[in-house]
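Novice: My file is model_19.tsv. It has TSV, N, CA and C atoms:
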chain	number	residue	atom	x	y	z
R	1	MET	N	3.28	107.66	13.73
R	1	MET	CA	2.38	107.21	12.68
R	1	MET	C	2.40	105.69	12.65
R	2	GLY	N	1.24	105.10	12.70
R	2	GLY	CA	1.14	103.65	12.62
R	2	GLY	C	1.08	103.18	11.18
R	3	HIS	N	1.26	101.89	10.97
R	3	HIS	CA	1.25	101.32	9.62
R	3	HIS	C	0.73	99.89	9.73
R	4	ILE	N	-0.39	99.61	9.06
R	4	ILE	CA	-0.97	98.26	9.10
R	4	ILE	C	-1.27	97.78	7.69
R	5	GLY	N	-1.58	96.50	7.59
R	5	GLY	CA	-1.79	95.88	6.29
R	5	GLY	C	-0.47	95.36	5.79
R	6	LEU	N	-0.14	95.67	4.55
R	6	LEU	CA	1.15	95.28	4.00
R	6	LEU	C	2.22	96.19	4.60
R	7	THR	N	3.16	95.59	5.27
R	7	THR	CA	4.31	96.34	5.78
R	7	THR	C	5.53	95.74	5.10
R	8	PRO	N	6.10	96.46	4.13
R	8	PRO	CA	7.19	95.89	3.33
R	8	PRO	C	8.35	95.33	4.14
R	9	GLN	N	8.63	95.92	5.30
R	9	GLN	CA	9.72	95.41	6.12
R	9	GLN	C	9.39	94.04	6.70
R	10	SER	N	8.14	93.64	6.69
R	10	SER	CA	7.72	92.34	7.24
R	10	SER	C	7.06	91.45	6.19
R	11	VAL	N	7.23	91.78	4.92
R	11	VAL	CA	6.48	91.10	3.86
R	11	VAL	C	6.71	89.59	3.87
R	12	HIS	N	7.92	89.15	4.14
R	12	HIS	CA	8.19	87.71	4.12
R	12	HIS	C	7.58	87.01	5.33
R	13	GLN	N	7.55	87.68	6.47
R	13	GLN	CA	6.91	87.11	7.66
R	13	GLN	C	5.40	87.01	7.46
R	14	LEU	N	4.84	87.95	6.67
R	14	LEU	CA	3.40	87.97	6.44
R	14	LEU	C	2.98	87.01	5.33
R	15	GLY	N	3.92	86.43	4.62
R	15	GLY	CA	3.59	85.47	3.58
R	15	GLY	C	3.58	86.05	2.18
R	16	GLY	N	4.19	87.20	1.98
R	16	GLY	CA	4.28	87.79	0.64
R	16	GLY	C	3.36	88.99	0.46
R	17	TYR	N	3.29	89.45	-0.78
R	17	TYR	CA	2.49	90.62	-1.12
R	17	TYR	C	1.06	90.17	-1.42
R	18	TYR	N	0.12	90.72	-0.69
R	18	TYR	CA	-1.29	90.42	-0.95
R	18	TYR	C	-2.14	91.50	-0.28
R	19	THR	N	-3.40	91.56	-0.66
R	19	THR	CA	-4.33	92.51	-0.07
R	19	THR	C	-4.83	91.96	1.26
R	20	HIS	N	-4.81	92.80	2.27
R	20	HIS	CA	-5.19	92.40	3.62
R	20	HIS	C	-6.65	92.78	3.91
R	21	GLY	N	-7.29	91.99	4.75
R	21	GLY	CA	-8.66	92.26	5.16
R	21	GLY	C	-9.71	91.58	4.32
R	22	LYS	N	-9.33	90.54	3.61
R	22	LYS	CA	-10.28	89.86	2.71
R	22	LYS	C	-11.27	88.97	3.45
R	23	ASP	N	-10.94	88.55	4.66
R	23	ASP	CA	-11.89	87.73	5.42
R	23	ASP	C	-12.16	88.40	6.77
R	24	ILE	N	-13.14	87.90	7.48
R	24	ILE	CA	-13.59	88.52	8.72
R	24	ILE	C	-12.48	88.57	9.77
R	25	SER	N	-11.73	87.49	9.93
R	25	SER	CA	-10.70	87.49	10.98
R	25	SER	C	-9.57	88.46	10.64
R	26	SER	N	-9.20	88.54	9.38
R	26	SER	CA	-8.17	89.48	8.96
R	26	SER	C	-8.65	90.92	9.12
R	27	ALA	N	-9.89	91.17	8.75
R	27	ALA	CA	-10.47	92.51	8.91
R	27	ALA	C	-10.51	92.91	10.38
R	28	GLN	N	-10.87	91.98	11.24
R	28	GLN	CA	-10.94	92.27	12.67
R	28	GLN	C	-9.55	92.55	13.24
R	29	ARG	N	-8.55	91.79	12.80
R	29	ARG	CA	-7.16	92.05	13.26
R	29	ARG	C	-6.71	93.45	12.86
R	30	LEU	N	-7.05	93.84	11.63
R	30	LEU	CA	-6.68	95.18	11.17
R	30	LEU	C	-7.38	96.26	11.98
R	31	MET	N	-8.66	96.06	12.24
R	31	MET	CA	-9.42	97.03	13.04
R	31	MET	C	-8.83	97.12	14.45
R	32	ASP	N	-8.57	95.98	15.06
R	32	ASP	CA	-7.99	95.96	16.40
R	32	ASP	C	-6.63	96.67	16.42
R	33	ALA	N	-5.82	96.42	15.40
R	33	ALA	CA	-4.50	97.05	15.32
R	33	ALA	C	-4.63	98.56	15.16
R	34	ALA	N	-5.55	99.00	14.32
R	34	ALA	CA	-5.74	100.44	14.11
R	34	ALA	C	-6.20	101.12	15.40
R	35	LEU	N	-7.16	100.51	16.08
R	35	LEU	CA	-7.65	101.08	17.34
R	35	LEU	C	-6.55	101.09	18.40
R	36	SER	N	-5.74	100.04	18.44
R	36	SER	CA	-4.63	99.99	19.40
R	36	SER	C	-3.60	101.07	19.10
R	37	LEU	N	-3.31	101.30	17.83
R	37	LEU	CA	-2.36	102.35	17.47
R	37	LEU	C	-2.88	103.72	17.88
R	38	GLU	N	-4.17	103.96	17.65
R	38	GLU	CA	-4.76	105.23	18.06
R	38	GLU	C	-4.66	105.39	19.58
R	39	LYS	N	-5.01	104.33	20.30
R	39	LYS	CA	-4.97	104.37	21.77
R	39	LYS	C	-3.55	104.59	22.28
R	40	ALA	N	-2.56	104.07	21.56
R	40	ALA	CA	-1.16	104.20	21.97
R	40	ALA	C	-0.60	105.59	21.67
R	41	GLY	N	-1.38	106.41	20.94
R	41	GLY	CA	-0.92	107.77	20.68
R	41	GLY	C	-0.52	108.08	19.26
R	42	ALA	N	-0.76	107.16	18.34
R	42	ALA	CA	-0.43	107.45	16.94
R	42	ALA	C	-1.23	108.66	16.48
R	43	PHE	N	-0.61	109.51	15.65
R	43	PHE	CA	-1.30	110.69	15.14
R	43	PHE	C	-1.99	110.42	13.81
R	44	ALA	N	-1.68	109.25	13.19
R	44	ALA	CA	-2.29	108.82	11.94
R	44	ALA	C	-1.93	107.35	11.72
R	45	VAL	N	-2.65	106.71	10.80
R	45	VAL	CA	-2.37	105.31	10.48
R	45	VAL	C	-2.34	105.13	8.97
R	46	VAL	N	-1.26	104.53	8.47
R	46	VAL	CA	-1.16	104.17	7.07
R	46	VAL	C	-1.83	102.82	6.89
R	47	LEU	N	-2.71	102.72	5.91
R	47	LEU	CA	-3.37	101.47	5.55
R	47	LEU	C	-2.83	101.06	4.19
R	48	GLU	N	-1.97	100.05	4.16
R	48	GLU	CA	-1.36	99.64	2.89
R	48	GLU	C	-1.90	98.30	2.43
R	49	CYS	N	-2.41	98.28	1.20
R	49	CYS	CA	-2.98	97.07	0.59
R	49	CYS	C	-4.04	96.46	1.48
R	50	VAL	N	-4.94	97.29	1.95
R	50	VAL	CA	-6.09	96.86	2.74
R	50	VAL	C	-7.31	97.00	1.84
R	51	THR	N	-8.25	96.08	1.93
R	51	THR	CA	-9.43	96.17	1.07
R	51	THR	C	-10.12	97.52	1.29
R	52	PRO	N	-10.70	98.08	0.24
R	52	PRO	CA	-11.40	99.37	0.38
R	52	PRO	C	-12.49	99.35	1.44
R	53	GLU	N	-13.20	98.24	1.56
R	53	GLU	CA	-14.28	98.15	2.54
R	53	GLU	C	-13.75	98.24	3.97
R	54	VAL	N	-12.66	97.53	4.23
R	54	VAL	CA	-12.07	97.55	5.58
R	54	VAL	C	-11.45	98.92	5.84
R	55	SER	N	-10.81	99.49	4.84
R	55	SER	CA	-10.23	100.84	5.00
R	55	SER	C	-11.30	101.86	5.34
R	56	LYS	N	-12.43	101.76	4.67
R	56	LYS	CA	-13.55	102.68	4.94
R	56	LYS	C	-14.03	102.51	6.38
R	57	GLU	N	-14.16	101.27	6.82
R	57	GLU	CA	-14.65	101.01	8.18
R	57	GLU	C	-13.64	101.50	9.23
R	58	ILE	N	-12.37	101.24	9.01
R	58	ILE	CA	-11.34	101.72	9.94
R	58	ILE	C	-11.37	103.24	10.00
R	59	THR	N	-11.45	103.89	8.86
R	59	THR	CA	-11.49	105.35	8.80
R	59	THR	C	-12.67	105.90	9.58
R	60	SER	N	-13.81	105.23	9.48
R	60	SER	CA	-15.00	105.71	10.19
R	60	SER	C	-14.89	105.52	11.70
R	61	GLN	N	-14.09	104.56	12.15
R	61	GLN	CA	-13.97	104.26	13.58
R	61	GLN	C	-12.89	105.07	14.29
R	62	LEU	N	-11.91	105.57	13.54
R	62	LEU	CA	-10.80	106.29	14.16
R	62	LEU	C	-11.08	107.79	14.20
R	63	SER	N	-10.51	108.44	15.19
R	63	SER	CA	-10.59	109.90	15.25
R	63	SER	C	-9.33	110.55	14.69
R	64	ILE	N	-8.33	109.72	14.33
R	64	ILE	CA	-7.11	110.21	13.71
R	64	ILE	C	-7.17	109.91	12.21
R	65	PRO	N	-6.39	110.63	11.39
R	65	PRO	CA	-6.44	110.40	9.93
R	65	PRO	C	-5.91	109.03	9.52
R	66	THR	N	-6.48	108.52	8.43
R	66	THR	CA	-5.96	107.32	7.79
R	66	THR	C	-5.37	107.74	6.45
R	67	ILE	N	-4.24	107.15	6.11
R	67	ILE	CA	-3.55	107.43	4.85
R	67	ILE	C	-3.47	106.12	4.08
R	68	GLY	N	-4.07	106.10	2.91
R	68	GLY	CA	-4.11	104.87	2.13
R	68	GLY	C	-3.01	104.78	1.10
R	69	ILE	N	-2.55	103.56	0.89
R	69	ILE	CA	-1.67	103.24	-0.22
R	69	ILE	C	-2.18	101.91	-0.79
R	70	GLY	N	-2.90	102.02	-1.90
R	70	GLY	CA	-3.52	100.85	-2.49
R	70	GLY	C	-4.65	100.30	-1.64
R	71	SER	N	-5.39	101.19	-0.97
R	71	SER	CA	-6.45	100.76	-0.05
R	71	SER	C	-7.77	101.46	-0.31
R	72	GLY	N	-8.01	101.87	-1.53
R	72	GLY	CA	-9.28	102.50	-1.88
R	72	GLY	C	-9.30	104.00	-1.63
R	73	ASP	N	-10.45	104.60	-1.93
R	73	ASP	CA	-10.62	106.05	-1.87
R	73	ASP	C	-11.26	106.55	-0.59
R	74	GLU	N	-11.74	105.66	0.25
R	74	GLU	CA	-12.48	106.06	1.44
R	74	GLU	C	-11.57	106.23	2.66
R	75	VAL	N	-10.42	106.88	2.46
R	75	VAL	CA	-9.47	107.19	3.52
R	75	VAL	C	-9.30	108.70	3.55
R	76	ASP	N	-8.59	109.19	4.55
R	76	ASP	CA	-8.44	110.64	4.70
R	76	ASP	C	-7.38	111.24	3.78
R	77	GLY	N	-6.45	110.44	3.32
R	77	GLY	CA	-5.39	110.92	2.44
R	77	GLY	C	-4.76	109.75	1.70
R	78	GLN	N	-3.96	110.08	0.71
R	78	GLN	CA	-3.32	109.05	-0.12
R	78	GLN	C	-1.82	109.30	-0.17
R	79	VAL	N	-1.07	108.24	-0.34
R	79	VAL	CA	0.37	108.31	-0.55
R	79	VAL	C	0.72	107.27	-1.60
R	80	LEU	N	1.78	107.54	-2.35
R	80	LEU	CA	2.24	106.58	-3.34
R	80	LEU	C	3.76	106.67	-3.40
R	81	VAL	N	4.42	105.56	-3.56
R	81	VAL	CA	5.88	105.52	-3.62
R	81	VAL	C	6.32	106.04	-4.99
R	82	THR	N	7.17	107.05	-4.99
R	82	THR	CA	7.63	107.67	-6.23
R	82	THR	C	8.29	106.65	-7.15
R	83	ASN	N	9.07	105.73	-6.58
R	83	ASN	CA	9.72	104.71	-7.40
R	83	ASN	C	8.71	103.86	-8.16
R	84	ASP	N	7.55	103.62	-7.56
R	84	ASP	CA	6.49	102.86	-8.24
R	84	ASP	C	5.83	103.72	-9.31
R	85	LEU	N	5.51	104.96	-8.99
R	85	LEU	CA	4.84	105.86	-9.93
R	85	LEU	C	5.68	106.06	-11.19
R	86	LEU	N	7.00	106.15	-11.03
R	86	LEU	CA	7.90	106.39	-12.15
R	86	LEU	C	8.53	105.11	-12.69
R	87	GLN	N	8.19	103.98	-12.11
R	87	GLN	CA	8.75	102.65	-12.43
R	87	GLN	C	10.27	102.75	-12.57
R	88	LEU	N	10.91	103.04	-11.46
R	88	LEU	CA	12.37	103.17	-11.43
R	88	LEU	C	13.08	101.82	-11.35
R	89	GLY	N	12.38	100.77	-10.95
R	89	GLY	CA	12.99	99.46	-10.83
R	89	GLY	C	12.59	98.54	-11.97
R	90	ALA	N	13.27	97.40	-12.04
R	90	ALA	CA	13.01	96.41	-13.10
R	90	ALA	C	11.66	95.71	-12.91
R	91	GLU	N	11.23	95.58	-11.67
R	91	GLU	CA	9.97	94.89	-11.38
R	91	GLU	C	8.77	95.79	-11.65
R	92	ARG	N	7.67	95.21	-12.06
R	92	ARG	CA	6.42	95.94	-12.24
R	92	ARG	C	5.95	96.41	-10.87
R	93	PRO	N	5.54	97.67	-10.77
R	93	PRO	CA	5.02	98.17	-9.48
R	93	PRO	C	3.78	97.40	-9.04
R	94	PRO	N	3.35	97.58	-7.79
R	94	PRO	CA	2.15	96.89	-7.30
R	94	PRO	C	0.95	97.17	-8.21
R	95	LYS	N	0.01	96.24	-8.22
R	95	LYS	CA	-1.12	96.35	-9.15
R	95	LYS	C	-1.98	97.59	-8.93
R	96	PHE	N	-1.94	98.18	-7.73
R	96	PHE	CA	-2.74	99.38	-7.49
R	96	PHE	C	-2.11	100.64	-8.04
R	97	CYS	N	-0.89	100.54	-8.57
R	97	CYS	CA	-0.19	101.71	-9.10
R	97	CYS	C	-0.05	101.60	-10.61
R	98	THR	N	-0.50	102.62	-11.32
R	98	THR	CA	-0.30	102.70	-12.76
R	98	THR	C	0.82	103.70	-13.01
R	99	PRO	N	1.99	103.21	-13.39
R	99	PRO	CA	3.12	104.12	-13.60
R	99	PRO	C	2.83	105.16	-14.68
R	100	VAL	N	3.37	106.35	-14.51
R	100	VAL	CA	3.21	107.41	-15.50
R	100	VAL	C	4.39	107.42	-16.47
R	101	ALA	N	5.41	106.63	-16.17
R	101	ALA	CA	6.59	106.50	-17.02
R	101	ALA	C	7.27	105.18	-16.67
R	102	ASN	N	8.20	104.77	-17.53
R	102	ASN	CA	9.03	103.61	-17.23
R	102	ASN	C	10.48	104.09	-17.24
R	103	LEU	N	10.87	104.74	-16.16
R	103	LEU	CA	12.20	105.31	-16.09
R	103	LEU	C	13.29	104.26	-15.95
R	104	HIS	N	12.91	103.04	-15.57
R	104	HIS	CA	13.90	101.96	-15.55
R	104	HIS	C	14.41	101.72	-16.96
R	105	GLU	N	13.51	101.63	-17.92
R	105	GLU	CA	13.91	101.43	-19.32
R	105	GLU	C	14.69	102.63	-19.85
R	106	VAL	N	14.26	103.83	-19.49
R	106	VAL	CA	14.97	105.04	-19.91
R	106	VAL	C	16.40	105.00	-19.39
R	107	LYS	N	16.56	104.69	-18.08
R	107	LYS	CA	17.91	104.59	-17.49
R	107	LYS	C	18.74	103.55	-18.23
R	108	LYS	N	18.15	102.38	-18.44
R	108	LYS	CA	18.86	101.29	-19.08
R	108	LYS	C	19.32	101.70	-20.48
R	109	ASN	N	18.45	102.34	-21.25
R	109	ASN	CA	18.78	102.75	-22.60
R	109	ASN	C	19.86	103.84	-22.61
R	110	LEU	N	19.78	104.78	-21.69
R	110	LEU	CA	20.79	105.84	-21.63
R	110	LEU	C	22.16	105.29	-21.22
R	111	VAL	N	22.19	104.37	-20.28
R	111	VAL	CA	23.46	103.76	-19.89
R	111	VAL	C	24.05	102.99	-21.07
R	112	GLN	N	23.21	102.26	-21.79
R	112	GLN	CA	23.69	101.50	-22.95
R	112	GLN	C	24.22	102.45	-24.01
R	113	LYS	N	23.54	103.56	-24.25
R	113	LYS	CA	24.00	104.56	-25.22
R	113	LYS	C	25.36	105.11	-24.80
R	114	TYR	N	25.52	105.38	-23.53
R	114	TYR	CA	26.78	105.87	-22.98
R	114	TYR	C	27.89	104.84	-23.21
R	115	LEU	N	27.62	103.59	-22.90
R	115	LEU	CA	28.62	102.54	-23.09
R	115	LEU	C	28.96	102.35	-24.57
R	116	ASN	N	27.94	102.44	-25.43
R	116	ASN	CA	28.17	102.32	-26.87
R	116	ASN	C	29.08	103.42	-27.39
R	117	SER	N	28.96	104.61	-26.81
R	117	SER	CA	29.82	105.72	-27.27
R	117	SER	C	31.29	105.41	-26.99
R	118	PHE	N	31.58	104.74	-25.88
R	118	PHE	CA	32.96	104.34	-25.59
R	118	PHE	C	33.42	103.24	-26.54
R	119	GLU	N	32.52	102.33	-26.85
R	119	GLU	CA	32.87	101.24	-27.76
R	119	GLU	C	33.19	101.80	-29.14
R	120	GLU	N	32.40	102.78	-29.60
R	120	GLU	CA	32.66	103.41	-30.89
R	120	GLU	C	34.02	104.10	-30.88
R	121	LYS	N	34.34	104.80	-29.80
R	121	LYS	CA	35.63	105.50	-29.71
R	121	LYS	C	36.79	104.50	-29.73
R	122	SER	N	36.62	103.35	-29.07
R	122	SER	CA	37.70	102.37	-29.02
R	122	SER	C	37.96	101.78	-30.40
R	123	HIS	N	36.94	101.71	-31.24
R	123	HIS	CA	37.10	101.20	-32.60
R	123	HIS	C	37.69	102.24	-33.54
R	124	GLU	N	37.76	103.48	-33.11
R	124	GLU	CA	38.33	104.53	-33.94
R	124	GLU	C	39.85	104.61	-33.77
R	125	GLY	N	40.43	103.67	-33.03
R	125	GLY	CA	41.87	103.61	-32.88
R	125	GLY	C	42.40	104.33	-31.67
R	126	HIS	N	41.55	104.75	-30.78
R	126	HIS	CA	42.02	105.39	-29.56
R	126	HIS	C	42.68	104.34	-28.68
R	127	GLU	N	43.83	104.71	-28.11
R	127	GLU	CA	44.54	103.77	-27.25
R	127	GLU	C	43.91	103.68	-25.87
R	128	SER	N	43.26	104.76	-25.44
R	128	SER	CA	42.69	104.78	-24.11
R	128	SER	C	41.32	105.43	-24.15
R	129	LEU	N	40.43	104.96	-23.32
R	129	LEU	CA	39.12	105.59	-23.23
R	129	LEU	C	39.20	106.89	-22.45
R	130	TYR	N	40.23	107.07	-21.68
R	130	TYR	CA	40.39	108.25	-20.81
R	130	TYR	C	41.62	109.01	-21.25
R	131	HIS	N	41.56	109.78	-22.32
R	131	HIS	CA	42.72	110.55	-22.78
R	131	HIS	C	42.60	112.01	-22.43
Now that the file is in, can you turn its structure into structure tokens?

Specialist:
Amino acid sequence: MGHIGLTPQSVHQLGGYYTHGKDISSAQRLMDAALSLEKAGAFAVVLECVTPEVSKEITSQLSIPTIGIGSGDEVDGQVLVTNDLLQLGAERPPKFCTPVANLHEVKKNLVQKYLNSFEEKSHEGHESLYH
């Protein structure tokens, strides 16, 4: 499976997080990369943070499926990172993802509640937290 556009493992080499394919030369590089991946034997290509217009064009040119992540609706399938959907980290997920929960805050609050329970026990005169 190929992967073009935003590739998190190369984000710093690419200059950070941004949508790919906004200008003609970038769109052409993406198209060339997608066609090269297909020719090399890829069974599908992930298009991450690629403009919807470029994703649509790539999808129309390839005979293999395209899987979008933040790349519009005109692809053959969609994928989303569970950590982003559930907001498991402290950072806000990418702008194309609307979290259905903020589990980072839930985790933080539950850990604090757990720690507070030990603090309350220590104030009750217990000599050890582990008795």

Novice: Assign secondary structure with DSSP using the backbone only, and return the residues of chain R in strand (DSSP E or B) as number ranges by chain.

Specialist: R: 2-5, 20, 45-48, 50, 66-69, 77-78

Novice: Could you give me, as CSV, every range 21-101 of chain R residue with an atom at most 7 Å from range 5-15 of chain R, plus its closest atom pair and distance in Å to one decimal, counting all atoms listed in the file, rows ordered by chain then number?

Specialist:
residue,atom,partner,partner_atom,distance
R:Gly21,N,R:Gly5,CA,6.9
R:Leu30,CA,R:Gly5,N,6.4
R:Val46,C,R:Gly5,N,6.4
R:Leu47,CA,R:Gly5,N,5.7
R:Glu48,C,R:Leu6,N,3.8
R:Cys49,N,R:Leu6,N,4.8
R:Val50,N,R:Gly5,CA,5.5

Novice: What is the atom C of Val45 in chain R to atom C of Pro65 in chain R distance in Å?

Specialist: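 Atom C of Val45 in chain R sits 5.3 Å away from atom C of Pro65 in chain R.
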
Novice: Could you check how far atom C of Ser71 in chain R sits from atom C of Ser55 in chain R, in Å to one decimal?

Specialist: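 So the answer is 6.7 Å.
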
Novice: Counting only C-alpha atoms, which residues sit no farther than 8 Å from the position (-3.3, 103.4, -1.6) in the file's frame? I'd like them as a PDB file with N, CA and C atoms, in the coordinates of the input.

Specialist:
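Output saved as result_18.pdb:
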ATOM      1  N   LEU R  47      -2.710 102.720   5.910  1.00  0.00           N
ATOM      2  CA  LEU R  47      -3.370 101.470   5.550  1.00  0.00           C
ATOM      3  C   LEU R  47      -2.830 101.060   4.190  1.00  0.00           C
ATOM      4  N   GLU R  48      -1.970 100.050   4.160  1.00  0.00           N
ATOM      5  CA  GLU R  48      -1.360  99.640   2.890  1.00  0.00           C
ATOM      6  C   GLU R  48      -1.900  98.300   2.430  1.00  0.00           C
ATOM      7  N   CYS R  49      -2.410  98.280   1.200  1.00  0.00           N
ATOM      8  CA  CYS R  49      -2.980  97.070   0.590  1.00  0.00           C
ATOM      9  C   CYS R  49      -4.040  96.460   1.480  1.00  0.00           C
ATOM     10  N   ILE R  67      -4.240 107.150   6.110  1.00  0.00           N
ATOM     11  CA  ILE R  67      -3.550 107.430   4.850  1.00  0.00           C
ATOM     12  C   ILE R  67      -3.470 106.120   4.080  1.00  0.00           C
ATOM     13  N   GLY R  68      -4.070 106.100   2.910  1.00  0.00           N
ATOM     14  CA  GLY R  68      -4.110 104.870   2.130  1.00  0.00           C
ATOM     15  C   GLY R  68      -3.010 104.780   1.100  1.00  0.00           C
ATOM     16  N   ILE R  69      -2.550 103.560   0.890  1.00  0.00           N
ATOM     17  CA  ILE R  69      -1.670 103.240  -0.220  1.00  0.00           C
ATOM     18  C   ILE R  69      -2.180 101.910  -0.790  1.00  0.00           C
ATOM     19  N   GLY R  70      -2.900 102.020  -1.900  1.00  0.00           N
ATOM     20  CA  GLY R  70      -3.520 100.850  -2.490  1.00  0.00           C
ATOM     21  C   GLY R  70      -4.650 100.300  -1.640  1.00  0.00           C
ATOM     22  N   SER R  71      -5.390 101.190  -0.970  1.00  0.00           N
ATOM     23  CA  SER R  71      -6.450 100.760  -0.050  1.00  0.00           C
ATOM     24  C   SER R  71      -7.770 101.460  -0.310  1.00  0.00           C
ATOM     25  N   GLY R  72      -8.010 101.870  -1.530  1.00  0.00           N
ATOM     26  CA  GLY R  72      -9.280 102.500  -1.880  1.00  0.00           C
ATOM     27  C   GLY R  72      -9.300 104.000  -1.630  1.00  0.00           C
ATOM     28  N   ASP R  73     -10.450 104.600  -1.930  1.00  0.00           N
ATOM     29  CA  ASP R  73     -10.620 106.050  -1.870  1.00  0.00           C
ATOM     30  C   ASP R  73     -11.260 106.550  -0.590  1.00  0.00           C
ATOM     31  N   GLN R  78      -3.960 110.080   0.710  1.00  0.00           N
ATOM     32  CA  GLN R  78      -3.320 109.050  -0.120  1.00  0.00           C
ATOM     33  C   GLN R  78      -1.820 109.300  -0.170  1.00  0.00           C
ATOM     34  N   VAL R  79      -1.070 108.240  -0.340  1.00  0.00           N
ATOM     35  CA  VAL R  79       0.370 108.310  -0.550  1.00  0.00           C
ATOM     36  C   VAL R  79       0.720 107.270  -1.600  1.00  0.00           C
ATOM     37  N   LEU R  80       1.780 107.540  -2.350  1.00  0.00           N
ATOM     38  CA  LEU R  80       2.240 106.580  -3.340  1.00  0.00           C
ATOM     39  C   LEU R  80       3.760 106.670  -3.400  1.00  0.00           C
ATOM     40  N   PHE R  96      -1.940  98.180  -7.730  1.00  0.00           N
ATOM     41  CA  PHE R  96      -2.740  99.380  -7.490  1.00  0.00           C
ATOM     42  C   PHE R  96      -2.110 100.640  -8.040  1.00  0.00           C
TER      43      PHE R  96
END

Novice: Counting only C-alpha atoms, which of R:Ser63, R:Tyr114, R:Val54, R:Ala44 gets nearest to Ser26 in chain R?

Specialist: R:Val54

Novice: Under the rule that all atoms listed in the file are counted, which of R:Glu53, R:Gln87, R:Asn102, R:Pro93 is the nearest residue to Glu74 in chain R?

Specialist: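 Of all the options, R:Glu53 lies closest to Glu74 in chain R.
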
Novice: Using CA of Ser25 in chain R and CA of Asp76 in chain R as the two end points, give the distance in Å to one decimal.

Specialist: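 Rounded to one decimal, the two atoms are 24.1 Å apart.
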
Novice: Give the alpha helix (DSSP H) residues of chain R, as assigned by DSSP on the backbone, as a PyMOL selection string.

Specialist: chain R and resi 11-14+24-39+52-61+82-85+103-123
